Amino acid sequence: MSTMRTAQNWHKHYEAGRDFRPLGEAEQALLTDRLALPGDSQGARALDVACGTGELARALDAAGYRVDAVDWARSALDRAEATSPDQITYHRLDITGGDLSCLTTGGGYQVITMRRALAHLPDRTRTVAELAALLDEDGVLCVITPHADRHPPELRGICLDDTEIGRLCEAWDHAERIEAEESTIVLLRGPKTTAVAYAEKRTPTPAAMAGVAVVVTNPRGQILLGWNSARTMWELPAGKVEPGEPFETTAVRELAEESGLVALAQDVLLLGTLCDATGGGFTRVTEIARITAFTGEPAVREADLSRWEWHSPSDLRHLPQPLFTASAQAVNLVWPGLLPDVPAAHHTPRPAGSVALTFGEPAAAVRLRETLVRDLTAAGWTDTPALQRAFNTVPRHAFLPEQPLHRAYANEAVATVFDEETGRSMSSVSQPEMQALMLREAALRPGDRVLEIGGGGYNACLIAELVGSTGSVVCMEIDPYVYARTVRFLEETGYADRVRVVLGDGTRGAPDALVPTAGFDAILVTVGANDIPAPWHMQLADGRNLVVPLRIGGFTRALGLRKESGRLASTWVSVCGFVPMQGGGRWDETPDPIGESGYAIRWEDTTPTPLDGIDRALTTAGAEVRTGVTVAENESFEHLQLWLATSVPGFCRLTEDSERPGPLRLPKYTDAMAMVSGSSLACVLTERLEQDDPGAASTWEFRVRGFGPDGKAAADVLADAVRRWDRELRNRAHPVLTVVQAATSGHVLPAGDVVDKALGRIVVTWAGRDQHTGPRVVRSAGGDGGTGR
């Protein structure tokens with residue numbers, strides 16, 4: 001009964017007609033002399049464990065006991081029952097399973113026997129304890145086992161030796177040992193109930209080092225490093241843990257012993273344990289302690305350290321001397337991503353601590369933040385006192401610790417995570433002016449409950465400032481690294497109790513438990529989305545705003561959408577650029593190659609069609625149609641992009657393989673607006689016009705090139721669409737988007753151009769334009785381009 005395999009073997013053993021070693025004379029004498037019942041005993045119970053074919057059970061019955069007998073092997077029990085008196089009760093039971101309740105209904109046992117079975121049990125200590133609990137107060141456990149010294153080595157697995165027998169006896173108040181031929185019989189009475197004792201091993205050969213590294217910063221946000229002249233490297237205050245010493249105590253003791261700074265254990269925030277291997281083969285275990293509250297000035301207190309210096313965290317990326325590896329690992333735990341290519345260490349995090357850190361920053365950060373806000377305000381981005389206060393309060397550099405201050409406070413997006421294969425940005429801190437616009441369009445008020453998807457923490461803190469102490473912010477992050485980074489920076493800046501960070505896919509919305517009864521007062525999406533998932537509709541309160549960078553036809557526009565009567569209607573549209581959504585919102589923008597031409601098509605929201613023959617057509621000069629429509633240098637034509645993407649049938653974007661440039665001069669760093677019609681293609685290009693005045697701004701004309709048998713006709717369609725934009729929309733109308741869920745019937749949609757996504761339908765109309773000048777065009781997404789993957 002030691003394992004299932006052993007149990008099966010015993011079943012086959014008995015099923016084959018084989019038996020067990022019969023009772024010897026010493027065992028018979030034991031039953032007669034030591035286990036015999038007094039003549040006046042009535043109803044005494046006995047249990048025979050691992051009874052086999054029942055020989056010992058029958059002997060106990062003959063001695064006057066009421067006998068229960070158990071074994072796992074069905075074949076053994078069948079044979080036992082066939083040769084035993086009816087009063088013996090047999091049970092098919094695996095005693096190693098731990099459920100012996102079926103044996104307790106008749107009261108305790110006066111005798112429990114286990115013959116030649118204990119050595120087979122894997123959990124013998126537990127099993128013996130469970131059997132002991134079945135005994136009467138004065139009952140006896142009788143264990144009969146082969147002795148190891150009296151059997152050859154190959155039979156050691158079925159025997160117990162003196163040490164094991166002694167260990168068995170230690171658990172009982174009274175133990176009697178009887179040697180019987182090649183076996184030992186042990187009679188055990190009174191299981192001990194004393195408290196467990198504890199013992200130490202011999203001092204082992206050192207194999208690991210345990211210590212605490214202390215990351216301490218001053219009111220200017222600078223980190224303390226000591227120059228170790230013996231090792232010729234910088235290092236944090238750190239040291240080994242004394243026996244029985246709490247990590248917090250180690251941190252303040254080592255800080256004081258090495259630098260003279262005095263801190264209190266109650267002000268130490270433990271961030272978790274790092275474990276790695278040192279060059280000498282030792283396992284290094286380092287607890288990371290974070291301290292911002294202390295008194296005193298750094299002073300050299302140990303011989304190996306020649307000086308202490310305060311360093312700006314971002315400067316550590318370019319530290320001219322080496323930084324101790326364990327210190328670098330600790331620094332990167334406090335500020336994830338600060339140091340590149342740090343040797344890996346396994347991190348076992350601690351639950352969020354209750355210690356509040358004091359955020360420190362240099363005067364330069366305050367000055368640069370004020371300058372940024374002045375610039376944003378002058379440009380009209382932070383046009384309310386509430387926005388100005390928020391941007392003046394939240395330290396942007398704290399969420400970009402790897403960047404120098406001037407870069408952290410530049411009015412530009414800063415990438416923080418890159419795709420290792422493509423080098424493409426996968427996460428970033430958005431451009432401040434775009435954040436200001438999106439926050440303004442969210443129409444946040446004190447007390448609002450807000451859901452943010454993405455953002456990396458900085459934008460969530462701006463939201464927290466705008467909704468105040470009575471509001472709440474839930475931030476969804478799908479990338480575990482970005483999530484960990486966000487959690488840490490919120491803890492560093494004091495916003496951890498104002499922003500709830502959740503690791504999960506934002507396309508599914510917030511967890512139900514965090515959704516307000518009436519819905520969120522605002523939802524801000526700070527990653528590029530290709531669709532509007534249903535949870536965003538459902539979790540937004542009526543009359544409130546969803547702000548999202550939405551990709552339409554391959555062009556991303558930041559939208560402010562107000563929920564009204566189950567629809568989302570745009571209040572604001574702006575060109576923008578955001579990193580793409582991951583998880584359920586990820587889309588595939590892999591272009592379809594046009595044969596071997598070096599060009600390819602991105603379909604996005606248009607159903608893909610075959611591209612047969614277009615590769616050959618592209619080798620010809622094609623037909624050119626001049627539109628007569630011009631734009632000045634640096635003049636935006638973003639509405640033209642949206643107009644063509646939503647109104648032209650077969651719209652797509654033509655892209656060029658940078659390693660195999662073709663004859664067409666496509667726009668630099670971007671794709672060309674195009675359309676496919678059957679086996680023909682047309683694309684929009686721009687050509688610089690000659691200027692009479694050399695000092696005047698450049699002017700560019702939109703021209704359309706068509707290729708294939710119907711290339712001229714396709715070019716005419718595109719050129720006419722460009723002219724209509726110039727004639728009907730340019731500087732006259734602005735786009736209005738209505739978003740409904742995918743199941744919405746077409747007859748209830750407003751007039752306009754419809755783009756069908758996998759999860760929603762988008763209707764684009766142009767406010768200020770006579771809607772009767774253009775027919776309504778319905779377009780459907782399909783293939784790889786519009787599935788929202």
# chains A, B, ... in the order shown; residues from 1 in each chain; ligands from 1

$ select_by_dssp --residues "stretch 264-378 of chain A" --states "strand (DSSP E)" --output "number ranges by chain"
A: 269-277, 283-291, 305-311, 346-349

$ closest_atom_pairs --of "stretch 528-598 of chain A" --to "stretch 616-621 of chain A" --cutoff "10 Å" --atoms "only C-alpha atoms" --output "tab-separated table"
residue	atom	partner	partner_atom	distance
A:Ile594	CA	A:Arg616	CA	9.2
A:Gly595	CA	A:Arg616	CA	8.4
A:Glu596	CA	A:Arg616	CA	9.1
A:Ser597	CA	A:Leu618	CA	7.3
A:Gly598	CA	A:Leu618	CA	9.9

$ atom_distance --atom1 "atom CA of A:Val764" --atom2 "atom CA of A:Arg445"
29.2 Å

$ residues_around --residues "A:Trp700" --least-positions-apart "6" --cutoff "7 Å" --atoms "only C-alpha atoms" --output "ChimeraX atom specification"
/A:630-632,686-689

$ closest_atom_pairs --of "stretch 112-207 of chain A" --to "stretch 86-103 of chain A" --cutoff "12 Å" --atoms "only C-alpha atoms" --output "tab-separated table"
residue	atom	partner	partner_atom	distance
A:Ile112	CA	A:Leu103	CA	11.6
A:Met114	CA	A:Ile95	CA	11.5
A:Ala117	CA	A:Ile95	CA	11.3
A:Leu118	CA	A:Thr96	CA	10.9
A:His120	CA	A:Thr96	CA	10.5
A:Leu121	CA	A:Thr96	CA	7.3
A:Pro122	CA	A:Thr96	CA	8.0
A:Asp123	CA	A:Thr96	CA	7.2
A:Arg124	CA	A:Thr96	CA	8.5
A:Thr125	CA	A:Thr96	CA	10.8
A:Arg126	CA	A:Gly98	CA	8.7
A:Thr127	CA	A:Thr96	CA	6.5
A:Val128	CA	A:Ile95	CA	10.0
A:Ala129	CA	A:Gly98	CA	10.6
A:Glu130	CA	A:Gly98	CA	7.7
A:Leu131	CA	A:Leu100	CA	8.4
A:Ala132	CA	A:Leu100	CA	11.4
A:Ala133	CA	A:Leu100	CA	10.0
A:Leu134	CA	A:Leu103	CA	8.1
A:Leu135	CA	A:Leu103	CA	11.0

$ residues_around --residues "A:Thr145" --least-positions-apart "2" --cutoff "7 Å" --atoms "only C-alpha atoms" --output "ChimeraX atom specification"
/A:115-116,143,147,159-160,183-185

$ write_last_selection --atoms "N, CA and C atoms" --output "compact mmCIF listing (two decimals), in the first residue's frame"
# COMPACT_ATOMS: atom_id res chain seq x y z
N ARG A 115 1.36 -6.21 10.43
CA ARG A 115 2.38 -7.25 10.28
C ARG A 115 3.06 -7.13 8.92
N ARG A 116 4.37 -6.92 8.96
CA ARG A 116 5.23 -6.90 7.79
C ARG A 116 4.73 -5.90 6.73
N VAL A 143 3.36 -3.80 16.13
CA VAL A 143 4.02 -3.71 14.82
C VAL A 143 5.00 -4.88 14.71
N HIS A 147 13.62 -7.38 10.34
CA HIS A 147 14.73 -6.54 10.79
C HIS A 147 15.81 -6.52 9.72
N CYS A 159 12.25 -3.91 5.17
CA CYS A 159 12.68 -4.04 6.57
C CYS A 159 12.80 -2.68 7.23
N LEU A 160 12.88 -2.70 8.56
CA LEU A 160 13.25 -1.54 9.36
C LEU A 160 14.54 -1.87 10.10
N SER A 183 12.55 -11.30 12.67
CA SER A 183 11.69 -10.13 12.81
C SER A 183 11.84 -9.51 14.19
N THR A 184 11.31 -8.29 14.30
CA THR A 184 11.20 -7.59 15.58
C THR A 184 9.74 -7.25 15.80
N ILE A 185 9.27 -7.52 17.02
CA ILE A 185 7.89 -7.19 17.39
C ILE A 185 7.94 -6.04 18.38

$ residues_around --residues "A:Ala289" --least-positions-apart "2" --cutoff "6 Å" --atoms "only C-alpha atoms" --output "number ranges by chain"
A: 214, 269-270

$ residues_around --residues "A:Pro320" --least-positions-apart "4" --cutoff "12 Å" --atoms "only C-alpha atoms" --output "list in words"
Thr232, Met233, Trp234, Asp315 and Leu316 of chain A

$ residues_around --residues "A:Gln539" --least-positions-apart "5" --cutoff "8 Å" --atoms "only C-alpha atoms" --output "short mmCIF file (atom, residue, chain, number, x, y, z; two decimals) with C-alpha atoms, in the first residue's frame"
data_model
loop_
_atom_site.label_atom_id
_atom_site.label_comp_id
_atom_site.auth_asym_id
_atom_site.auth_seq_id
_atom_site.Cartn_x
_atom_site.Cartn_y
_atom_site.Cartn_z
CA GLY A 509 -12.85 46.96 -19.24
CA VAL A 515 -16.94 49.56 -11.80
CA GLY A 519 -20.58 53.58 -14.64
CA PHE A 520 -17.35 55.55 -14.87
#

$ select_by_dssp --residues "stretch 143-354 of chain A" --states "helix (DSSP H, G or I)" --output "PyMOL selection string"
chain A and resi 148-150+153-158+162-170+247-259+265-267+313-318+325-334

$ write_last_selection --atoms "N, CA and C atoms" --output "compact mmCIF listing (two decimals), in the first residue's frame"
# COMPACT_ATOMS: atom_id res chain seq x y z
N ALA A 148 16.32 -5.31 9.45
CA ALA A 148 17.27 -5.14 8.35
C ALA A 148 18.55 -5.94 8.56
N ASP A 149 18.99 -6.08 9.82
CA ASP A 149 20.26 -6.78 10.06
C ASP A 149 20.17 -8.27 9.78
N ARG A 150 18.96 -8.79 9.65
CA ARG A 150 18.79 -10.23 9.48
C ARG A 150 18.34 -10.59 8.07
N PRO A 153 20.99 -7.27 1.73
CA PRO A 153 20.78 -5.87 1.32
C PRO A 153 19.68 -5.70 0.29
N GLU A 154 19.49 -6.68 -0.59
CA GLU A 154 18.48 -6.49 -1.64
C GLU A 154 17.06 -6.50 -1.09
N LEU A 155 16.88 -6.93 0.18
CA LEU A 155 15.56 -6.92 0.81
C LEU A 155 15.40 -5.76 1.79
N ARG A 156 16.33 -4.82 1.73
CA ARG A 156 16.30 -3.70 2.69
C ARG A 156 14.99 -2.93 2.62
N GLY A 157 14.35 -2.88 1.44
CA GLY A 157 13.14 -2.08 1.28
C GLY A 157 11.95 -2.61 2.04
N ILE A 158 11.99 -3.87 2.50
CA ILE A 158 10.83 -4.42 3.23
C ILE A 158 11.11 -4.48 4.73
N ASP A 162 17.47 -0.67 13.29
CA ASP A 162 17.35 -0.26 14.70
C ASP A 162 17.01 1.22 14.83
N THR A 163 17.61 2.05 13.97
CA THR A 163 17.33 3.49 14.04
C THR A 163 15.86 3.76 13.77
N GLU A 164 15.31 3.13 12.74
CA GLU A 164 13.91 3.36 12.39
C GLU A 164 12.97 2.80 13.45
N ILE A 165 13.34 1.67 14.02
CA ILE A 165 12.51 1.10 15.09
C ILE A 165 12.56 2.01 16.31
N GLY A 166 13.75 2.53 16.60
CA GLY A 166 13.88 3.45 17.74
C GLY A 166 13.06 4.71 17.53
N ARG A 167 13.06 5.22 16.29
CA ARG A 167 12.28 6.43 16.00
C ARG A 167 10.79 6.15 16.19
N LEU A 168 10.36 4.95 15.83
CA LEU A 168 8.96 4.57 16.02
C LEU A 168 8.61 4.54 17.50
N CYS A 169 9.48 4.03 18.32
CA CYS A 169 9.20 3.89 19.75
C CYS A 169 9.21 5.23 20.48
N GLU A 170 9.99 6.21 19.96
CA GLU A 170 10.10 7.51 20.61
C GLU A 170 8.76 8.23 20.72
N PHE A 247 14.80 42.55 8.78
CA PHE A 247 15.44 43.28 7.69
C PHE A 247 15.42 44.79 7.93
N GLU A 248 14.33 45.29 8.50
CA GLU A 248 14.26 46.74 8.77
C GLU A 248 15.38 47.16 9.72
N THR A 249 15.63 46.33 10.73
CA THR A 249 16.68 46.64 11.69
C THR A 249 18.05 46.61 11.03
N THR A 250 18.25 45.60 10.17
CA THR A 250 19.52 45.54 9.44
C THR A 250 19.73 46.79 8.61
N ALA A 251 18.68 47.26 7.95
CA ALA A 251 18.80 48.43 7.08
C ALA A 251 19.24 49.66 7.86
N VAL A 252 18.59 49.95 8.98
CA VAL A 252 18.94 51.17 9.71
C VAL A 252 20.29 51.01 10.40
N ARG A 253 20.61 49.79 10.84
CA ARG A 253 21.92 49.57 11.48
C ARG A 253 23.05 49.77 10.48
N GLU A 254 22.95 49.14 9.31
CA GLU A 254 24.01 49.26 8.32
C GLU A 254 24.13 50.69 7.80
N LEU A 255 23.00 51.37 7.64
CA LEU A 255 23.05 52.76 7.19
C LEU A 255 23.81 53.62 8.19
N ALA A 256 23.54 53.41 9.46
CA ALA A 256 24.22 54.19 10.49
C ALA A 256 25.69 53.81 10.60
N GLU A 257 25.99 52.49 10.57
CA GLU A 257 27.38 52.04 10.72
C GLU A 257 28.26 52.49 9.57
N GLU A 258 27.69 52.55 8.36
CA GLU A 258 28.52 52.88 7.19
C GLU A 258 28.55 54.36 6.87
N SER A 259 27.40 55.05 7.06
CA SER A 259 27.33 56.45 6.62
C SER A 259 27.04 57.45 7.71
N ALA A 265 13.40 52.14 12.03
CA ALA A 265 12.93 50.92 11.38
C ALA A 265 11.50 51.09 10.85
N GLN A 266 10.70 51.89 11.53
CA GLN A 266 9.31 52.08 11.11
C GLN A 266 9.21 52.89 9.81
N ASP A 267 10.29 53.54 9.40
CA ASP A 267 10.30 54.32 8.16
C ASP A 267 10.94 53.57 7.00
N PRO A 313 19.46 60.02 -10.02
CA PRO A 313 19.23 58.68 -10.56
C PRO A 313 19.50 58.57 -12.05
N SER A 314 19.08 59.55 -12.84
CA SER A 314 19.28 59.44 -14.29
C SER A 314 20.76 59.47 -14.66
N ASP A 315 21.61 60.04 -13.80
CA ASP A 315 23.05 60.09 -14.09
C ASP A 315 23.72 58.73 -13.95
N LEU A 316 23.05 57.80 -13.24
CA LEU A 316 23.68 56.50 -13.03
C LEU A 316 23.85 55.74 -14.34
N ARG A 317 23.07 56.09 -15.36
CA ARG A 317 23.24 55.45 -16.66
C ARG A 317 24.62 55.73 -17.27
N HIS A 318 25.23 56.81 -16.84
CA HIS A 318 26.51 57.21 -17.41
C HIS A 318 27.56 57.39 -16.31
N THR A 325 27.25 45.18 -8.76
CA THR A 325 26.12 44.52 -9.41
C THR A 325 24.89 44.45 -8.52
N ALA A 326 25.08 44.03 -7.26
CA ALA A 326 23.92 43.92 -6.36
C ALA A 326 23.28 45.29 -6.12
N SER A 327 24.10 46.35 -6.10
CA SER A 327 23.55 47.69 -5.96
C SER A 327 22.77 48.09 -7.20
N ALA A 328 23.29 47.75 -8.38
CA ALA A 328 22.58 48.06 -9.62
C ALA A 328 21.24 47.33 -9.67
N GLN A 329 21.21 46.09 -9.22
CA GLN A 329 19.95 45.34 -9.20
C GLN A 329 18.95 45.99 -8.26
N ALA A 330 19.43 46.48 -7.12
CA ALA A 330 18.55 47.15 -6.17
C ALA A 330 18.01 48.45 -6.74
N VAL A 331 18.88 49.22 -7.40
CA VAL A 331 18.46 50.48 -7.99
C VAL A 331 17.40 50.24 -9.06
N ASN A 332 17.57 49.20 -9.86
CA ASN A 332 16.60 48.91 -10.91
C ASN A 332 15.29 48.37 -10.36
N LEU A 333 15.32 47.85 -9.16
CA LEU A 333 14.07 47.44 -8.53
C LEU A 333 13.28 48.66 -8.05
N VAL A 334 13.99 49.66 -7.56
CA VAL A 334 13.33 50.89 -7.12
C VAL A 334 12.82 51.69 -8.31

$ closest_residue --among "A:Leu60, A:Ile532, A:Leu546, A:Ala299" --to "A:Gly584" --atoms "only C-alpha atoms"
A:Ile532

$ closest_residue --among "A:Pro735, A:Gly360, A:Pro549, A:Pro85" --to "A:Ile223" --atoms "only C-alpha atoms"
A:Gly360

$ closest_residue --among "A:Ile144, A:Leu640, A:Val373, A:Leu338" --to "A:Leu400" --atoms "only C-alpha atoms"
A:Leu338
